[in-house]
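A quick write-up on the structure given underneath.
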Amino acid sequence: MANTKLLNPLIEYDKTGNQDAFKELKSLLNPNTEGGLNKQISKQVEEEYQLCWFFMKPKVQEWLTRLRIYNNQKRAKDKVGDQTMFVAMQTILANLYDDRLNAIANPREEGDANQAENYSTLMDFDREAMKKEVHDYMWDFDACFYGRGLSFIHDFDRESKTPIAEVFDPTTVVRDPSCVALNGDLIGRNAARFWGMQVNMTKYEMKENGSFINLGRLKKGKEEVNNTQAEAQQARWDAAGYDNVSTREEALTENYEYRLLRWFTHIGGQKVILWLANNRTLVVRVQKLAYKEWPIVERQIFPISHEYDGVSIPDLTEDKQRMRAVLLNLGVDVAKSDLYPMRVYDHNKIKNRNNLNFEFNKWIPSDGPPGDSVQTLASKQISNSVDYIMKALELAAEKSTAVTATQQGLLAKSNTTLGEIDLASQSSGTRFSLSAKIFGWSEKAFWKQHYWVYNENYKDGIDKKILRLVGAFGPKWLELGREDIIMGNSLGPDIEIESKIVSEGKKLRDYQQQQGYFAFALQDPEANRRYGLKHLGRTFLKKAEIDRLFPPTVDELEAEEENEKLNKNEWVEVRPEQNHVQHKEKHAEGKDTDVMAGHIKAHNEMLRVAKVRPDLFPQLQPPMPMEQTQGGMKPPATEPAKETPMSANK
């Protein structure tokens, strides 16, 4: 299509910030320019949007209805609501949110070990800057309530040098009907061709961004049709008891929020984000995506294989809540009828109707015997079947969500044994454990995308990020450049996700196993004790702490300096007096270049010569073996020097 003309200036502007390329973009997207692409692009987007909108409309309306039920502050004041959905949501959220999923970056090859450790530290440090705790609650809530939560991680904050993670509102998102996930299945098939959502922005915010165009042609959106964002906002206002203020919004000037469509689609096979205003007729921004996949991470709680829509908690509890609310209000009406029953009275005996109104210590005159003057009509009592249905609905909700009374923090029934309580809690915990593992899929994808945002935006030799670490040796400042976190392997780090509790237990187990092994291994006189002790320390200490405990040797520092040249494929001389073992350890962290391979081979040759002529390499002679004692390991005891006749005389 002709709109592929956009790609060349768009790619040039995204890579270099070239203002000439930006001017060309503005010219191509000017609605008044002859042969401009604004009309073609807006036509393509409108066709895609309408297909998605009509497909998603029933689902979105159902979600908005459930929102009103979940937080219905606008119900009649003489009615009561049921909290089945709220209790299930909060109990499951509390269990899944409590045990934080730890993310650890592992190297895919030995040369990336330091970068992987630095990146693990960076991930933990970025949690605060990205407000990950708040992000995760919103992400988890959406996954539980709508069946799927959406986390968009693409933009980069140049000031804090941190990726920006944003949770999209599922009620405002419309998608390709044929996709099984926005990024497809396990091998990327059936991914979304197009999808997006509507957002609100002021003109000032668009100017501050610097990449928006056609701002002088923006119109206030009274005529906007099929606006998912506006409908979702109004539904939330209705549930909370607020009035519609959208008509008053039109009177604003400086801070008026324009309704924009942020649309993810393809142009010439290239993934792009289009921003359109004026009821999707005016293109105001175009972004090229540098990734093969959409920069979105989807979280599910109860997925269904080969389907986009999994099962949500309201899917399992909404019908129970509705019926319980009906029965509760019927029960209230019956209780009121007992207090305010209907009566039949003899108007011949009681002449004044007002005499029947209730007052304390009131006497009512009657023209006949009072015994049969007034008769109370019998009212309908709550039957046992109603109580049975209420309990059955509660039990069905508990079974479907594994939210038992014990999980809610309520006391068990008096006739329930402790063993039964433990068994129920264990079974419920197994159900929650499955959901936590499923959440782990999206957590791993989140941190992978986090890495690629750094890879795309963190500039070599320009960007530096300083981390404040607090360890056993006090605070320490760690400066990280691109070369400290971006790995040589093109696939990036191998992200491992595990719960905090499991992680601590695994570290303890690994330390105990390795400690016993090293106790024997380090008795070998040819064993690399320094490497072994540092490796054992990594099970529970950070790299900065190990460097304090084992300060880098002269050879290690020299090898790190050599890596800078070897990484650029520049030859570095190997000298006999160097510690070739320590040099090889550091060179393994460098890039796999031809010169690096030759340099390591030269170190190997030096070690071979040292074995033949050890007298030429005194510094490579192995130290004395260590001895195993109850208190740990120590050098062997040396015999005291024998006294000579001369020393004895002294």
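Ligands are numbered from 1 in the order shown, residues from 1 within each chain, and chains are lettered A, B, ... in the order they appear in the structure tokens.
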Query - Selection: 8 Å around His580 (chain A), only C-alpha atoms, excl. self and same-chain fewer than 2 positions, as JSON, numbers by chain - result: {"A": [578, 582, 583, 584, 603, 604, 606, 607]}
**Report entry** For region 442-454 of chain A: contacts at 10 Å, only C-alpha atoms, fewer than 6 positions along chain excluded, given as a ChimeraX atom specification
**Finding:** /A:101-105,119,123,126,136,149-156,161-165,290-291,293-300,482,485-486,491-498
Query raised in the report: Out of region 40-136 of chain A, which residues get strand (DSSP E) from DSSP, as a list in words?
Result: Leu101, Asn102, Ala103, Ile104, Ala105 and Asn106 of chain A
Convert the current residue selection to file output with C-alpha atoms, as a tab-separated table (two decimals), in the first residue's frame.
```
chain	number	residue	atom	x	y	z
A	101	LEU	CA	7.42	-13.84	42.66
A	102	ASN	CA	11.18	-13.34	42.54
A	103	ALA	CA	12.86	-12.91	39.17
A	104	ILE	CA	16.46	-14.05	38.69
A	105	ALA	CA	18.49	-13.49	35.52
A	106	ASN	CA	20.73	-16.45	34.69
```
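Note that the spacing between CA of Thr539 (chain A) and CA of Ala527 (chain A) amounts to 19.6 Å.
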Query raised in the report: Which value, in Å to one decimal, gives the distance between CA of Lys5 (chain A) and CA of Val284 (chain A)?
Result: 16.5 Å
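Distances here use only C-alpha atoms; by that measure, the residue among A:Arg530, A:Lys568, A:Arg158, A:Lys437 closest to Thr593 (chain A) is A:Lys568.
Going from CA of Phe55 (chain A) to CA of Arg322 (chain A) covers 26.4 Å.
Restricting the calculation to only C-alpha atoms, the smallest distance between Thr84 (chain A) and any of A:Asp124, A:Asp346, A:Asp319, A:Asp142 is found for A:Asp319.
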